[in-house]
Amino acid sequence: MQSYIDQLIQNGYFAGVPREVVYAIAMVLVAFIVLSVFVAPLAGVTSWLERRVWARMQSRIGPNRVGPQGILQWLADGIKNLLKEDLIPSAADSKLFSLAPYVVFVGFLCTFVVVPFGSALIVADLDIGILYILAVTSLVVVGILMAGWASNNKWSLLGGMRSAAQIVSYEIPAGLSVLTIVFLAGTLSMQGIIRSQGWAPWDWYLFNNPFTFAAFFLYFTAALAEGNRTPFDIPEAESELVAGYVTEYSGMRFLFFFFAEWGNLYVIGAVATTLFLGGWQVPPVTNDAILLGVLQFIVFFLKAYLWVFIAMWVRATLPRVRVDQLMALCWKHMVPLSFLCLLGTVCWMLAFPKGNTIFSVAMFIAGLLILAYFFKRVVFQIRHARPELYFKPHI
Amino acid sequence: MGVASYIKDIKDTVTSVFEGMAITFSHLVRRPMTIQYPDKIPVPIQETLPRRYRGILEVDMDICTGCLACERVCPITCIAIGIDMNKETKQRQFTHFDIDICKCMYCGLCAEACPTGSIRHSQEFEGASYNPAGLVRHFVTQPAPLYKPKKGGETDPKLAGKVDTGLKYLDEFATPDGGAAAEEG
């Protein structure tokens, strides 16, 4: 991005304007474009899709009135929330209360600085990209604690405290799983990690060795917990805490929390894709730079969105864990396992310094077999559905 | 906690999540159980309801004898019937026959008490209205004569059909054990 602006300046555009001013305006513009063209519609459509997928998995229909199949539901919800009254409880700490949603939102939106969309399409390829993501997503916990404290409500405070405990705990398995890939790639840069993988599935770090395969699922689980997603949504557990830290919020501020939550799903998917699934790597089919860029964007988006879908699917499947179960899962199982993955990967790197392609292909085939077995189970479940319930919806 | 149980816990978690995800995915490709009332339904809901369903009351004024049995038996007096004498024909006539759906508790006692089966529960249940007055059903718009049962059965074919319908409703659906008796017979 910076090189492109440098080129524009050299070509004589913006003559007489200080370079720093051009950079500042470009940064604001890029942030605006990323937010309005990509993030907002993405979070909105994700919210609609989640409700549809969730409904279908519960044998319901879901929102289908606004636009074809209800796809504009997010616009209707957004406008409704904009027009609603923004209540601030009289007992609340009004300054912190007003600020908290934006802290959460900034913590989520800052990750888009280093999320790649293609080999050339990235806001800034920081050398410490993945570390930066781990750092700024921790800002979310500050916002949630702020919201919980400032609401002056016991449900909110409990939700905020739970969220803090949860996010801080799950940073460790997530960070260790990321570290295995950093060891393999030898770089922290997002583009560097993607470039060290290939387009073929057996060149992905997911199938590099059994330990990275396990680390991927550890990362995904920990990321779900950090994003306060079911089954780890105890900070906003409806049945216990009303709505947790968002209990007192209304209107647009309420929406900001959920905007961040749904947008964060895509960030989880994008980071998982970058680290484990080969990112935007495509087979060398064309030399046209623009066509290649579009292809890379589509490939990356599909891979990332697959994990958004899986997060929805997990939400429809698993019940919420208790607080003690949550902590036991993290400290007794996920932390030791992620250490094991780290050590295993290091040993693997010593044994096969250049990687083991044959083993990677075998891992890939094993993954396909697991997938095939999974669909066999799905077909089994469909066959064993009660046929009278299945074929006659109007009883 | 031994190592074996530790590993078993992990294995159980993975397999049960795997199996659970298969179940929810199988639901994704099934047809939803819910229907889109009232827009996209193959037949009106009223037609799918059983005949003994106690919907909003309806009265067939052509076979109502004006005996006031329903008005008297109604526990909450939601039925109001007015009868006076027509001065020209010297015959009694209805001036009004109103049922207040707001008050009605759908007990079905009126339908049981009716000798001709003219008052009965319909399958209709959509009673939404902008004000309570809109929920009062008026069955007499202009004064109408009472129905007089004839000895030896009804001769007018149009009325005969209505009488049969009323009596059939009375026998089979109005009384608590009517349906069972009809099934046995």
# chains A, B, ... in the order shown; residues from 1 in each chain; ligands from 1
call {"tool": "interface_residues", "arguments": {"of": "chain A", "to": "chain B", "cutoff": "7 Å", "atoms": "only C-alpha atoms", "output": "PyMOL selection string"}}
result
chain A and resi 56-61+317+374+377-378+381-382+390+393
call {"tool": "residues_around", "arguments": {"residues": "range 136-151 of chain B", "least_positions_apart": "3", "cutoff": "10 Å", "atoms": "only C-alpha atoms", "output": "ChimeraX atom specification"}}
result
/B:56-67,78-86,89,91-103,116,131-133,154-155,159,163
call {"tool": "select_by_dssp", "arguments": {"residues": "range 47-84 of chain B", "states": "helix (DSSP H, G or I)", "output": "mmCIF file with C-alpha atoms, in the first residue's frame"}}
result
data_model
loop_
_atom_site.group_PDB
_atom_site.id
_atom_site.type_symbol
_atom_site.label_atom_id
_atom_site.label_comp_id
_atom_site.auth_asym_id
_atom_site.auth_seq_id
_atom_site.Cartn_x
_atom_site.Cartn_y
_atom_site.Cartn_z
ATOM 1 C CA GLU B 47 -59.206 -26.775 6.855
ATOM 2 C CA THR B 48 -56.576 -28.808 8.666
ATOM 3 C CA MET B 61 -80.038 -18.208 11.573
ATOM 4 C CA ASP B 62 -82.178 -20.188 9.086
ATOM 5 C CA ILE B 63 -82.673 -23.020 11.577
ATOM 6 C CA ALA B 69 -81.339 -22.033 25.497
ATOM 7 C CA CYS B 70 -77.860 -20.846 24.504
ATOM 8 C CA GLU B 71 -78.334 -17.410 26.047
ATOM 9 C CA ARG B 72 -79.467 -18.980 29.328
ATOM 10 C CA VAL B 73 -76.760 -21.622 29.517
#
call {"tool": "atom_distance", "arguments": {"atom1": "CA of Phe216 in chain A", "atom2": "CA of Met334 in chain A"}}
result
11.9 Å
call {"tool": "closest_residue", "arguments": {"among": "A:Ala289, A:Ala372, A:Val314, A:Val114", "to": "Leu188 in chain A", "atoms": "only C-alpha atoms"}}
result
A:Val114
call {"tool": "closest_residue", "arguments": {"among": "A:Ala135, A:Pro210, A:Ala76, A:Val66", "to": "Cys347 in chain A", "atoms": "only C-alpha atoms"}}
result
A:Pro210
call {"tool": "select_by_dssp", "arguments": {"residues": "range 57-126 of chain B", "states": "strand (DSSP E)", "output": "number ranges by chain"}}
result
B: 57-59, 79-86, 91-100, 119-121
call {"tool": "write_last_selection", "arguments": {"atoms": "C-alpha atoms", "output": "compact mmCIF listing (two decimals), in the first residue's frame"}}
result
# COMPACT_ATOMS: atom_id res chain seq x y z
CA LEU B 57 -68.99 -19.40 17.37
CA GLU B 58 -71.19 -19.19 14.31
CA VAL B 59 -74.99 -19.32 14.09
CA ILE B 79 -74.75 -14.15 23.80
CA ALA B 80 -77.44 -11.47 23.52
CA ILE B 81 -80.69 -12.34 21.69
CA GLY B 82 -83.57 -9.93 21.07
CA ILE B 83 -87.01 -11.18 19.96
CA ASP B 84 -90.17 -9.11 19.44
CA MET B 85 -93.56 -9.41 17.69
CA ASN B 86 -93.93 -8.36 14.07
CA GLN B 91 -95.17 -13.54 14.17
CA ARG B 92 -92.21 -13.37 16.49
CA GLN B 93 -88.98 -12.19 14.88
CA PHE B 94 -85.30 -11.66 15.80
CA THR B 95 -84.22 -8.09 16.31
CA HIS B 96 -80.63 -8.92 17.14
CA PHE B 97 -78.44 -11.95 17.82
CA ASP B 98 -75.00 -10.83 19.00
CA ILE B 99 -72.10 -12.93 20.29
CA ASP B 100 -69.25 -11.06 21.98
CA ILE B 119 -75.14 -22.47 17.07
CA ARG B 120 -71.82 -24.23 16.72
CA HIS B 121 -68.09 -23.76 16.86
